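What's in coords_37.pdb: PDB, C-alpha atoms and all ligand atoms
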```pdb
MODEL        1
ATOM      1  CA  MET A   1     267.831-175.872 -77.647
ATOM      2  CA  LYS A   2     271.498-175.830 -78.689
ATOM      3  CA  THR A   3     274.038-177.771 -76.644
ATOM      4  CA  LEU A   4     277.220-175.788 -76.046
ATOM      5  CA  LEU A   5     279.161-178.038 -73.714
ATOM      6  CA  GLU A   6     278.791-181.706 -72.886
ATOM      7  CA  VAL A   7     280.453-183.529 -70.033
ATOM      8  CA  LYS A   8     280.251-187.250 -70.737
ATOM      9  CA  ASN A   9     280.936-189.984 -68.215
ATOM     10  CA  LEU A  10     283.498-187.925 -66.346
ATOM     11  CA  ASN A  11     285.570-189.943 -63.884
ATOM     12  CA  ILE A  12     288.319-188.513 -61.696
ATOM     13  CA  ARG A  13     290.483-190.688 -59.472
ATOM     14  CA  ASN A  14     293.268-189.912 -57.049
ATOM     15  CA  LYS A  15     296.686-191.623 -56.949
ATOM     16  CA  GLU A  16     295.312-194.358 -54.719
ATOM     17  CA  GLY A  17     292.621-195.152 -57.299
ATOM     18  CA  GLN A  18     289.821-193.710 -55.162
ATOM     19  CA  SER A  19     286.949-192.325 -57.237
ATOM     20  CA  LEU A  20     286.438-188.584 -56.565
ATOM     21  CA  VAL A  21     284.038-187.938 -59.449
ATOM     22  CA  HIS A  22     282.079-190.908 -60.726
ATOM     23  CA  ASP A  23     280.547-191.217 -64.177
ATOM     24  CA  SER A  24     279.125-187.682 -64.288
ATOM     25  CA  SER A  25     277.312-186.526 -67.401
ATOM     26  CA  PHE A  26     275.499-183.279 -68.049
ATOM     27  CA  SER A  27     275.177-180.630 -70.705
ATOM     28  CA  LEU A  28     275.037-176.879 -70.883
ATOM     29  CA  GLU A  29     272.634-175.259 -73.335
ATOM     30  CA  THR A  30     273.161-171.918 -75.054
ATOM     31  CA  GLY A  31     271.965-169.002 -72.920
ATOM     32  CA  LYS A  32     271.004-171.246 -69.998
ATOM     33  CA  THR A  33     272.327-171.739 -66.492
ATOM     34  CA  TYR A  34     273.107-175.161 -65.049
ATOM     35  CA  ALA A  35     273.582-175.190 -61.273
ATOM     36  CA  LEU A  36     275.667-177.993 -59.845
ATOM     37  CA  ILE A  37     274.746-178.239 -56.217
ATOM     38  CA  GLY A  38     276.165-180.405 -53.473
ATOM     39  CA  GLU A  39     277.755-180.514 -50.064
ATOM     40  CA  SER A  40     281.430-179.900 -49.411
ATOM     41  CA  GLY A  41     283.679-182.553 -50.977
ATOM     42  CA  SER A  42     281.015-183.874 -53.368
ATOM     43  CA  GLY A  43     283.179-183.222 -56.454
ATOM     44  CA  LYS A  44     281.795-179.946 -57.815
ATOM     45  CA  THR A  45     285.082-178.068 -58.034
ATOM     46  CA  LEU A  46     286.942-181.018 -59.544
ATOM     47  CA  THR A  47     284.248-181.176 -62.234
ATOM     48  CA  SER A  48     284.716-177.484 -63.061
ATOM     49  CA  LYS A  49     288.504-177.866 -63.015
ATOM     50  CA  ALA A  50     288.247-180.753 -65.484
ATOM     51  CA  ILE A  51     286.314-178.487 -67.874
ATOM     52  CA  LEU A  52     288.897-175.725 -67.414
ATOM     53  CA  ASP A  53     291.795-178.184 -67.869
ATOM     54  CA  MET A  54     293.051-177.194 -64.427
ATOM     55  CA  LEU A  55     293.084-180.590 -62.713
ATOM     56  CA  PRO A  56     296.273-181.285 -60.749
ATOM     57  CA  ALA A  57     298.559-183.683 -62.624
ATOM     58  CA  HIS A  58     298.323-186.377 -59.942
ATOM     59  CA  LEU A  59     294.594-186.868 -60.595
ATOM     60  CA  GLN A  60     293.504-189.240 -63.360
ATOM     61  CA  MET A  61     290.625-188.209 -65.558
ATOM     62  CA  SER A  62     288.600-190.231 -68.049
ATOM     63  CA  GLY A  63     285.441-189.511 -70.002
ATOM     64  CA  ASP A  64     284.981-186.742 -72.503
ATOM     65  CA  ILE A  65     284.315-183.038 -72.569
ATOM     66  CA  VAL A  66     282.879-181.652 -75.789
ATOM     67  CA  LEU A  67     282.838-177.929 -76.488
ATOM     68  CA  GLN A  68     280.766-177.049 -79.569
ATOM     69  CA  GLY A  69     281.486-180.402 -81.178
ATOM     70  CA  GLU A  70     285.244-180.408 -80.385
ATOM     71  CA  HIS A  71     286.295-183.352 -78.228
ATOM     72  CA  LEU A  72     288.878-182.617 -75.558
ATOM     73  CA  LYS A  73     290.186-186.168 -75.926
ATOM     74  CA  GLN A  74     291.057-185.650 -79.570
ATOM     75  CA  LEU A  75     292.906-182.363 -79.118
ATOM     76  CA  SER A  76     296.390-181.521 -77.983
ATOM     77  CA  ARG A  77     296.502-179.663 -74.675
ATOM     78  CA  LYS A  78     297.714-176.540 -76.445
ATOM     79  CA  ARG A  79     294.848-176.636 -78.948
ATOM     80  CA  TRP A  80     292.273-177.235 -76.186
ATOM     81  CA  ARG A  81     293.690-174.296 -74.226
ATOM     82  CA  SER A  82     293.415-171.972 -77.201
ATOM     83  CA  ILE A  83     289.865-173.074 -78.030
ATOM     84  CA  ARG A  84     288.826-172.830 -74.440
ATOM     85  CA  GLY A  85     290.767-169.614 -73.643
ATOM     86  CA  GLY A  86     288.379-167.066 -75.099
ATOM     87  CA  GLN A  87     285.270-169.247 -74.883
ATOM     88  CA  ILE A  88     285.120-170.121 -71.200
ATOM     89  CA  GLY A  89     285.514-167.527 -68.474
ATOM     90  CA  ALA A  90     285.757-168.465 -64.820
ATOM     91  CA  ILE A  91     285.226-166.854 -61.446
ATOM     92  CA  PHE A  92     286.039-168.410 -58.093
ATOM     93  CA  GLN A  93     285.333-168.061 -54.406
ATOM     94  CA  HIS A  94     288.457-165.989 -53.670
ATOM     95  CA  PRO A  95     288.977-163.439 -56.483
ATOM     96  CA  GLU A  96     291.993-161.928 -54.730
ATOM     97  CA  GLN A  97     293.833-165.237 -55.270
ATOM     98  CA  ALA A  98     293.195-165.086 -58.999
ATOM     99  CA  LEU A  99     294.210-161.424 -59.356
ATOM    100  CA  HIS A 100     297.897-160.506 -59.445
ATOM    101  CA  PRO A 101     298.798-158.827 -56.118
ATOM    102  CA  SER A 102     301.427-156.409 -57.464
ATOM    103  CA  ILE A 103     300.024-155.414 -60.855
ATOM    104  CA  PRO A 104     297.344-152.689 -61.000
ATOM    105  CA  ILE A 105     293.915-154.010 -62.032
ATOM    106  CA  GLY A 106     293.884-151.934 -65.233
ATOM    107  CA  ARG A 107     297.157-153.375 -66.486
ATOM    108  CA  GLN A 108     295.894-156.914 -65.838
ATOM    109  CA  PHE A 109     292.886-156.172 -68.061
ATOM    110  CA  VAL A 110     295.031-154.645 -70.791
ATOM    111  CA  ASP A 111     297.539-157.533 -70.724
ATOM    112  CA  LEU A 112     294.752-160.115 -70.852
ATOM    113  CA  MET A 113     293.026-158.444 -73.769
ATOM    114  CA  ARG A 114     296.207-157.838 -75.754
ATOM    115  CA  SER A 115     297.375-161.434 -75.232
ATOM    116  CA  HIS A 116     294.259-162.618 -77.090
ATOM    117  CA  LEU A 117     293.375-159.820 -79.504
ATOM    118  CA  PRO A 118     295.330-157.410 -81.738
ATOM    119  CA  VAL A 119     294.136-154.246 -80.022
ATOM    120  CA  SER A 120     295.968-151.069 -78.994
ATOM    121  CA  ARG A 121     296.569-150.262 -75.343
ATOM    122  CA  TYR A 122     294.086-147.370 -75.653
ATOM    123  CA  GLU A 123     291.359-149.643 -77.054
ATOM    124  CA  ALA A 124     292.051-152.328 -74.385
ATOM    125  CA  GLU A 125     291.721-149.708 -71.629
ATOM    126  CA  LYS A 126     288.477-148.447 -73.142
ATOM    127  CA  GLN A 127     287.045-151.969 -73.239
ATOM    128  CA  ALA A 128     288.204-152.641 -69.665
ATOM    129  CA  LYS A 129     286.445-149.511 -68.387
ATOM    130  CA  LYS A 130     283.307-150.470 -70.287
ATOM    131  CA  MET A 131     283.318-153.928 -68.691
ATOM    132  CA  LEU A 132     283.956-152.474 -65.228
ATOM    133  CA  SER A 133     280.944-150.186 -65.545
ATOM    134  CA  GLN A 134     278.862-153.113 -66.812
ATOM    135  CA  VAL A 135     279.498-154.886 -63.502
ATOM    136  CA  LEU A 136     278.356-151.673 -61.782
ATOM    137  CA  LEU A 137     281.716-150.461 -60.515
ATOM    138  CA  LYS A 138     281.400-146.694 -60.390
ATOM    139  CA  ASP A 139     284.809-145.016 -60.380
ATOM    140  CA  THR A 140     286.400-147.126 -63.123
ATOM    141  CA  SER A 141     289.579-144.999 -63.335
ATOM    142  CA  HIS A 142     290.173-145.514 -59.618
ATOM    143  CA  VAL A 143     289.564-149.276 -59.911
ATOM    144  CA  MET A 144     291.917-149.486 -62.908
ATOM    145  CA  SER A 145     294.757-147.898 -60.950
ATOM    146  CA  SER A 146     294.149-149.953 -57.776
ATOM    147  CA  TYR A 147     295.759-153.179 -56.596
ATOM    148  CA  ALA A 148     293.548-156.104 -55.560
ATOM    149  CA  HIS A 149     294.358-155.660 -51.854
ATOM    150  CA  GLU A 150     293.078-152.073 -51.976
ATOM    151  CA  LEU A 151     289.559-153.184 -52.995
ATOM    152  CA  SER A 152     286.840-154.894 -50.951
ATOM    153  CA  GLY A 153     285.921-158.574 -51.501
ATOM    154  CA  GLY A 154     282.751-157.582 -53.344
ATOM    155  CA  MET A 155     284.621-155.128 -55.599
ATOM    156  CA  ASN A 156     287.257-157.737 -56.385
ATOM    157  CA  GLN A 157     284.544-160.234 -57.326
ATOM    158  CA  ARG A 158     283.025-157.637 -59.682
ATOM    159  CA  VAL A 159     286.504-157.048 -61.143
ATOM    160  CA  MET A 160     286.866-160.836 -61.658
ATOM    161  CA  ILE A 161     283.471-161.031 -63.345
ATOM    162  CA  ALA A 162     284.419-158.135 -65.653
ATOM    163  CA  MET A 163     287.741-159.832 -66.438
ATOM    164  CA  ALA A 164     286.067-163.184 -67.088
ATOM    165  CA  LEU A 165     283.641-161.483 -69.479
ATOM    166  CA  LEU A 166     286.238-159.300 -71.227
ATOM    167  CA  LEU A 167     286.839-161.781 -74.050
ATOM    168  CA  LYS A 168     283.093-162.362 -74.446
ATOM    169  CA  PRO A 169     283.103-166.054 -73.503
ATOM    170  CA  LYS A 170     280.247-168.333 -74.450
ATOM    171  CA  ILE A 171     280.366-169.967 -71.027
ATOM    172  CA  LEU A 172     280.957-168.576 -67.556
ATOM    173  CA  ILE A 173     281.973-171.051 -64.866
ATOM    174  CA  ALA A 174     281.162-169.594 -61.462
ATOM    175  CA  ASP A 175     282.511-171.737 -58.623
ATOM    176  CA  GLU A 176     280.924-170.559 -55.358
ATOM    177  CA  PRO A 177     281.610-166.921 -56.290
ATOM    178  CA  THR A 178     279.660-165.496 -53.354
ATOM    179  CA  SER A 179     280.552-167.884 -50.512
ATOM    180  CA  ALA A 180     283.207-165.586 -49.082
ATOM    181  CA  LEU A 181     281.045-162.438 -49.181
ATOM    182  CA  ASP A 182     278.660-160.878 -46.674
ATOM    183  CA  VAL A 183     274.950-161.482 -47.254
ATOM    184  CA  LYS A 184     274.203-158.082 -48.846
ATOM    185  CA  THR A 185     277.130-158.283 -51.279
ATOM    186  CA  GLN A 186     276.219-161.914 -52.036
ATOM    187  CA  ALA A 187     272.758-160.832 -53.120
ATOM    188  CA  GLU A 188     274.167-157.973 -55.246
ATOM    189  CA  ILE A 189     276.541-160.324 -57.084
ATOM    190  CA  ILE A 190     273.828-162.949 -57.635
ATOM    191  CA  PHE A 191     271.479-160.280 -59.081
ATOM    192  CA  LEU A 192     274.313-158.996 -61.272
ATOM    193  CA  LEU A 193     275.047-162.487 -62.640
ATOM    194  CA  LYS A 194     271.362-163.018 -63.396
ATOM    195  CA  GLU A 195     271.213-159.692 -65.291
ATOM    196  CA  LEU A 196     274.362-160.478 -67.253
ATOM    197  CA  ILE A 197     273.016-163.880 -68.267
ATOM    198  CA  LEU A 198     269.654-162.427 -69.306
ATOM    199  CA  ASP A 199     271.336-159.649 -71.328
ATOM    200  CA  THR A 200     273.510-162.019 -73.400
ATOM    201  CA  ASP A 201     273.292-165.537 -74.787
ATOM    202  CA  MET A 202     276.106-166.643 -72.496
ATOM    203  CA  SER A 203     275.650-169.926 -70.592
ATOM    204  CA  MET A 204     276.667-170.394 -66.998
ATOM    205  CA  LEU A 205     277.772-173.359 -64.929
ATOM    206  CA  PHE A 206     277.073-172.211 -61.385
ATOM    207  CA  ILE A 207     278.589-174.238 -58.586
ATOM    208  CA  THR A 208     277.079-173.886 -55.161
ATOM    209  CA  HIS A 209     275.948-175.628 -52.001
ATOM    210  CA  ASP A 210     272.896-173.374 -51.848
ATOM    211  CA  LEU A 211     269.629-174.626 -53.337
ATOM    212  CA  LEU A 212     267.981-171.257 -52.823
ATOM    213  CA  ILE A 213     270.534-169.515 -55.068
ATOM    214  CA  SER A 214     270.267-172.365 -57.620
ATOM    215  CA  GLY A 215     266.514-171.893 -57.644
ATOM    216  CA  TYR A 216     266.926-168.209 -58.483
ATOM    217  CA  LEU A 217     269.668-168.511 -61.098
ATOM    218  CA  ALA A 218     269.346-171.868 -62.805
ATOM    219  CA  ASP A 219     267.285-173.363 -65.574
ATOM    220  CA  THR A 220     268.593-176.840 -64.810
ATOM    221  CA  ILE A 221     269.877-178.237 -61.522
ATOM    222  CA  GLY A 222     272.207-181.190 -60.998
ATOM    223  CA  VAL A 223     272.553-182.557 -57.478
ATOM    224  CA  MET A 224     275.956-183.995 -56.688
ATOM    225  CA  ARG A 225     276.761-186.287 -53.796
ATOM    226  CA  GLU A 226     279.904-188.303 -53.067
ATOM    227  CA  GLY A 227     281.234-187.744 -56.592
ATOM    228  CA  LYS A 228     278.009-188.664 -58.404
ATOM    229  CA  ILE A 229     275.248-186.610 -59.963
ATOM    230  CA  ILE A 230     272.367-188.339 -58.220
ATOM    231  CA  GLU A 231     269.567-186.331 -59.826
ATOM    232  CA  GLN A 232     269.250-183.642 -62.494
ATOM    233  CA  GLY A 233     266.443-181.928 -64.305
ATOM    234  CA  SER A 234     264.626-178.664 -64.825
ATOM    235  CA  LYS A 235     264.603-176.316 -61.845
ATOM    236  CA  GLU A 236     260.833-176.699 -61.589
ATOM    237  CA  ASN A 237     261.019-180.510 -61.427
ATOM    238  CA  ILE A 238     263.905-180.620 -58.995
ATOM    239  CA  LEU A 239     262.340-178.088 -56.634
ATOM    240  CA  SER A 240     258.736-179.204 -56.764
ATOM    241  CA  ALA A 241     259.067-182.962 -57.293
ATOM    242  CA  PRO A 242     262.506-184.125 -56.177
ATOM    243  CA  GLU A 243     262.897-187.881 -56.543
ATOM    244  CA  HIS A 244     266.027-188.612 -54.568
ATOM    245  CA  GLU A 245     265.759-188.655 -50.794
ATOM    246  CA  TYR A 246     268.821-186.400 -50.492
ATOM    247  CA  THR A 247     267.299-183.788 -52.849
ATOM    248  CA  GLN A 248     264.045-183.954 -50.906
ATOM    249  CA  GLU A 249     265.986-183.177 -47.756
ATOM    250  CA  LEU A 250     267.762-180.239 -49.441
ATOM    251  CA  CYS A 251     264.359-178.880 -50.561
ATOM    252  CA  ARG A 252     262.934-179.189 -47.048
ATOM    253  CA  HIS A 253     265.873-177.248 -45.595
ATOM    254  CA  CYS A 254     265.597-174.655 -48.314
ATOM    255  CA  SER A 255     261.887-174.037 -47.820
ATOM    256  CA  GLN A 256     262.254-173.875 -44.047
ATOM    257  CA  ARG A 257     265.013-171.307 -44.459
ATOM    258  CA  PHE A 258     263.077-169.223 -46.934
ATOM    259  CA  LEU A 259     259.550-169.337 -45.620
ATOM    260  CA  GLY A 260     259.588-171.163 -42.346
ATOM    261  CA  LYS A 261     256.976-173.512 -43.799
ATOM    262  CA  GLY A 262     256.635-176.317 -46.289
ATOM    263  CA  GLU A 263     256.525-174.317 -49.528
ATOM    264  CA  ILE A 264     259.263-174.481 -52.141
ATOM    265  CA  PRO A 265     260.460-171.040 -53.316
ATOM    266  CA  TYR A 266     260.957-170.347 -57.049
ATOM    267  CA  ALA A 267     259.250-173.583 -58.072
TER     268      ALA A 267
HETATM  269  N1  LIG B 301     293.995-181.797 -55.545
HETATM  270  C1  LIG B 301     293.364-182.836 -54.985
HETATM  271  N2  LIG B 301     294.017-183.996 -54.749
HETATM  272  C2  LIG B 301     293.396-185.049 -54.184
HETATM  273  N3  LIG B 301     292.093-185.040 -53.803
HETATM  274  C3  LIG B 301     291.392-183.915 -54.022
HETATM  275  C4  LIG B 301     291.992-182.749 -54.612
HETATM  276  N4  LIG B 301     291.045-181.776 -54.688
HETATM  277  C5  LIG B 301     289.920-182.301 -54.155
HETATM  278  N5  LIG B 301     290.121-183.581 -53.749
HETATM  279  C6  LIG B 301     289.134-184.473 -53.136
HETATM  280  O1  LIG B 301     288.121-184.715 -54.102
HETATM  281  C7  LIG B 301     286.834-184.699 -53.509
HETATM  282  C8  LIG B 301     285.965-183.670 -54.199
HETATM  283  O2  LIG B 301     286.513-182.373 -53.943
HETATM  284  P1  LIG B 301     285.920-181.021 -54.570
HETATM  285  O3  LIG B 301     286.855-179.924 -54.219
HETATM  286  O4  LIG B 301     285.604-181.221 -56.005
HETATM  287  O5  LIG B 301     284.567-180.886 -53.728
HETATM  288  P2  LIG B 301     283.491-179.708 -53.728
HETATM  289  O6  LIG B 301     282.173-180.342 -53.916
HETATM  290  O7  LIG B 301     283.876-178.649 -54.699
HETATM  291  O8  LIG B 301     283.612-179.163 -52.251
HETATM  292  P3  LIG B 301     283.627-177.652 -51.677
HETATM  293  O9  LIG B 301     282.185-177.189 -51.730
HETATM  294  O10 LIG B 301     284.110-177.816 -50.272
HETATM  295  O11 LIG B 301     284.541-176.843 -52.544
HETATM  296  C9  LIG B 301     287.045-184.447 -52.015
HETATM  297  O12 LIG B 301     287.051-185.687 -51.361
HETATM  298  C10 LIG B 301     288.412-183.805 -51.971
HETATM  299  O13 LIG B 301     289.067-184.116 -50.755
ENDMDL
END
```
What does this structure look like when you write it as structure tokens?
Amino acid sequence: MKTLLEVKNLNIRNKEGQSLVHDSSFSLETGKTYALIGESGSGKTLTSKAILDMLPAHLQMSGDIVLQGEHLKQLSRKRWRSIRGGQIGAIFQHPEQALHPSIPIGRQFVDLMRSHLPVSRYEAEKQAKKMLSQVLLKDTSHVMSSYAHELSGGMNQRVMIAMALLLKPKILIADEPTSALDVKTQAEIIFLLKELILDTDMSMLFITHDLLISGYLADTIGVMREGKIIEQGSKENILSAPEHEYTQELCRHCSQRFLGKGEIPYA
């Protein structure tokens, strides 16, 4: 199995020196999904922001992030941004915050594509429409001419997924992308992500508080609590033989929710 991204001994502290993420290490393999699961405030989003180089300046980070052999520590910020730019796509809980409110969706696609690749406007529009239909948005011309506020939450999340995939990244970071959606749309987006991952050799870091979703999407699960990854391993091991008491509790909740009895789904 080929390692695409390694997070090594990641530590993040606030101004007061309090540890927010503590000595976290994990790796992402080509074509595989790693789910980072944990309760609110456990450090999942800060971990993804560190990978995306989006940590606020007042937070101190140490450790190393290695993308295909290139060490973040050894690169200038500009160089890291350019390496990372086309190789890591990201989607978040609130797509409407990431989309520009007063620029039509289509133009945002075209601008993004043309800022990275020497393509004509016509070609960029063609690619954008292709991506929008890949995420199962039907009337692509209508979506292209719409503003984010004119689309539903589920449509905006599909638009974000299409935009994140436009530059054909090797890694997709999905930070609670379905938490703000209704249950039916949540399921549709989760199925879509699974299909997209199976159809390509893209890897995904999926951040969630939901063990059930992790069980469906992930190959490997890391359980995060109070800034630490307390347990990680294959989905099968984590779900059927969790070692840490906290993971055991998560599994019990999950099975009760899913089946109303003591069986672990997906294991
Ligand atoms: N910009 C920031 N400045 C200072 N502390 C922060 C900042 N962002 C997050 N924190 C703190 O760091 C810790 C981890 O936060 P983080 O957002 O990574 O948690 P999370 O697991 O993603 O939670 P959630 O599921 O609620 O998004 C929390 O204690 C949080 O209060």
Enumerate as a ChimeraX atom specification the residues within 8 Å of ligand LIG 301 (chain B), counting only C-alpha atoms and all ligand atoms. /A:14-15,20-21,38-47,55-56,58-59,176,207-209,224,226-227
Let me see the file: selected residues, C-alpha atoms, as a PDB file, in the frame of the given file.
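Contents of result_2.pdb, as written:
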```pdb
ATOM      1  CA  ASN A  14     293.268-189.912 -57.049  1.00  0.00           C
ATOM      2  CA  LYS A  15     296.686-191.623 -56.949  1.00  0.00           C
ATOM      3  CA  LEU A  20     286.438-188.584 -56.565  1.00  0.00           C
ATOM      4  CA  VAL A  21     284.038-187.938 -59.449  1.00  0.00           C
ATOM      5  CA  GLY A  38     276.165-180.405 -53.473  1.00  0.00           C
ATOM      6  CA  GLU A  39     277.755-180.514 -50.064  1.00  0.00           C
ATOM      7  CA  SER A  40     281.430-179.900 -49.411  1.00  0.00           C
ATOM      8  CA  GLY A  41     283.679-182.553 -50.977  1.00  0.00           C
ATOM      9  CA  SER A  42     281.015-183.874 -53.368  1.00  0.00           C
ATOM     10  CA  GLY A  43     283.179-183.222 -56.454  1.00  0.00           C
ATOM     11  CA  LYS A  44     281.795-179.946 -57.815  1.00  0.00           C
ATOM     12  CA  THR A  45     285.082-178.068 -58.034  1.00  0.00           C
ATOM     13  CA  LEU A  46     286.942-181.018 -59.544  1.00  0.00           C
ATOM     14  CA  THR A  47     284.248-181.176 -62.234  1.00  0.00           C
ATOM     15  CA  LEU A  55     293.084-180.590 -62.713  1.00  0.00           C
ATOM     16  CA  PRO A  56     296.273-181.285 -60.749  1.00  0.00           C
ATOM     17  CA  HIS A  58     298.323-186.377 -59.942  1.00  0.00           C
ATOM     18  CA  LEU A  59     294.594-186.868 -60.595  1.00  0.00           C
ATOM     19  CA  GLU A 176     280.924-170.559 -55.358  1.00  0.00           C
ATOM     20  CA  ILE A 207     278.589-174.238 -58.586  1.00  0.00           C
ATOM     21  CA  THR A 208     277.079-173.886 -55.161  1.00  0.00           C
ATOM     22  CA  HIS A 209     275.948-175.628 -52.001  1.00  0.00           C
ATOM     23  CA  MET A 224     275.956-183.995 -56.688  1.00  0.00           C
ATOM     24  CA  GLU A 226     279.904-188.303 -53.067  1.00  0.00           C
ATOM     25  CA  GLY A 227     281.234-187.744 -56.592  1.00  0.00           C
TER      26      GLY A 227
END
```
Would you mind telling me which residue in A:Tyr34, A:Phe109, A:Tyr246, A:Phe26 lies nearest to Phe206 (chain A) when using all atoms listed in the file?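 Checking each of A:Tyr34, A:Phe109, A:Tyr246, A:Phe26 against Phe206 (chain A), counting all atoms listed in the file, the winner is A:Tyr34.
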Residues near region 80-82 of chain A, anyone? I mean within 9 Å using all atoms listed in the file, not counting same-chain ones fewer than 4 positions away, as a list in words. Leu52, Asp53, Glu70, His71, Leu72, Leu75, Ser76, Gly86 and Gln87 of chain A
Please produce a file of the residues just selected, as a PDB file, in the frame of the given file, where the atoms kept are C-alpha atoms.
```
ATOM      1  CA  LEU A  52     288.897-175.725 -67.414  1.00  0.00           C
ATOM      2  CA  ASP A  53     291.795-178.184 -67.869  1.00  0.00           C
ATOM      3  CA  GLU A  70     285.244-180.408 -80.385  1.00  0.00           C
ATOM      4  CA  HIS A  71     286.295-183.352 -78.228  1.00  0.00           C
ATOM      5  CA  LEU A  72     288.878-182.617 -75.558  1.00  0.00           C
ATOM      6  CA  LEU A  75     292.906-182.363 -79.118  1.00  0.00           C
ATOM      7  CA  SER A  76     296.390-181.521 -77.983  1.00  0.00           C
ATOM      8  CA  GLY A  86     288.379-167.066 -75.099  1.00  0.00           C
ATOM      9  CA  GLN A  87     285.270-169.247 -74.883  1.00  0.00           C
TER      10      GLN A  87
END
```
Fewer than 3 positions away in the same chain doesn't count, so skip those; otherwise give me all residues within 12 Å of Tyr122 (chain A), counting all atoms listed in the file, as an mmCIF file with C-alpha atoms, keeping the file's coordinate frame.
```cif
data_model
loop_
_atom_site.group_PDB
_atom_site.id
_atom_site.type_symbol
_atom_site.label_atom_id
_atom_site.label_comp_id
_atom_site.auth_asym_id
_atom_site.auth_seq_id
_atom_site.Cartn_x
_atom_site.Cartn_y
_atom_site.Cartn_z
ATOM 1 C CA GLY A 106 293.884 -151.934 -65.233
ATOM 2 C CA ARG A 107 297.157 -153.375 -66.486
ATOM 3 C CA PHE A 109 292.886 -156.172 -68.061
ATOM 4 C CA VAL A 110 295.031 -154.645 -70.791
ATOM 5 C CA ASP A 111 297.539 -157.533 -70.724
ATOM 6 C CA MET A 113 293.026 -158.444 -73.769
ATOM 7 C CA ARG A 114 296.207 -157.838 -75.754
ATOM 8 C CA PRO A 118 295.330 -157.410 -81.738
ATOM 9 C CA VAL A 119 294.136 -154.246 -80.022
ATOM 10 C CA GLU A 125 291.721 -149.708 -71.629
ATOM 11 C CA LYS A 126 288.477 -148.447 -73.142
ATOM 12 C CA GLN A 127 287.045 -151.969 -73.239
ATOM 13 C CA ALA A 128 288.204 -152.641 -69.665
ATOM 14 C CA LYS A 129 286.445 -149.511 -68.387
#
```
Given the PyMOL selection byres (((chain A and resi 155-169) around 6) and not hetatm) and the file above, list the residues it selects as a list of chain:residue names.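 Taken on the displayed file, the PyMOL selection byres (((chain A and resi 155-169) around 6) and not hetatm) yields the residues A:Gly86, A:Gln87, A:Ile88, A:Gly89, A:Ala90, A:Pro95, A:Met131, A:Leu132, A:Val135, A:Leu151, A:Ser152, A:Gly153, A:Gly154, A:Lys170, A:Ile171.
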Mind telling me what the PyMOL selection byres (((chain A and resi 63) around 8) and not hetatm) catches here, as a list in words?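 This file gives the following for the PyMOL selection byres (((chain A and resi 63) around 8) and not hetatm): Val7, Lys8, Asn9, Leu10, Asn11, Asp23, Met61, Ser62, Asp64 and Ile65 of chain A.
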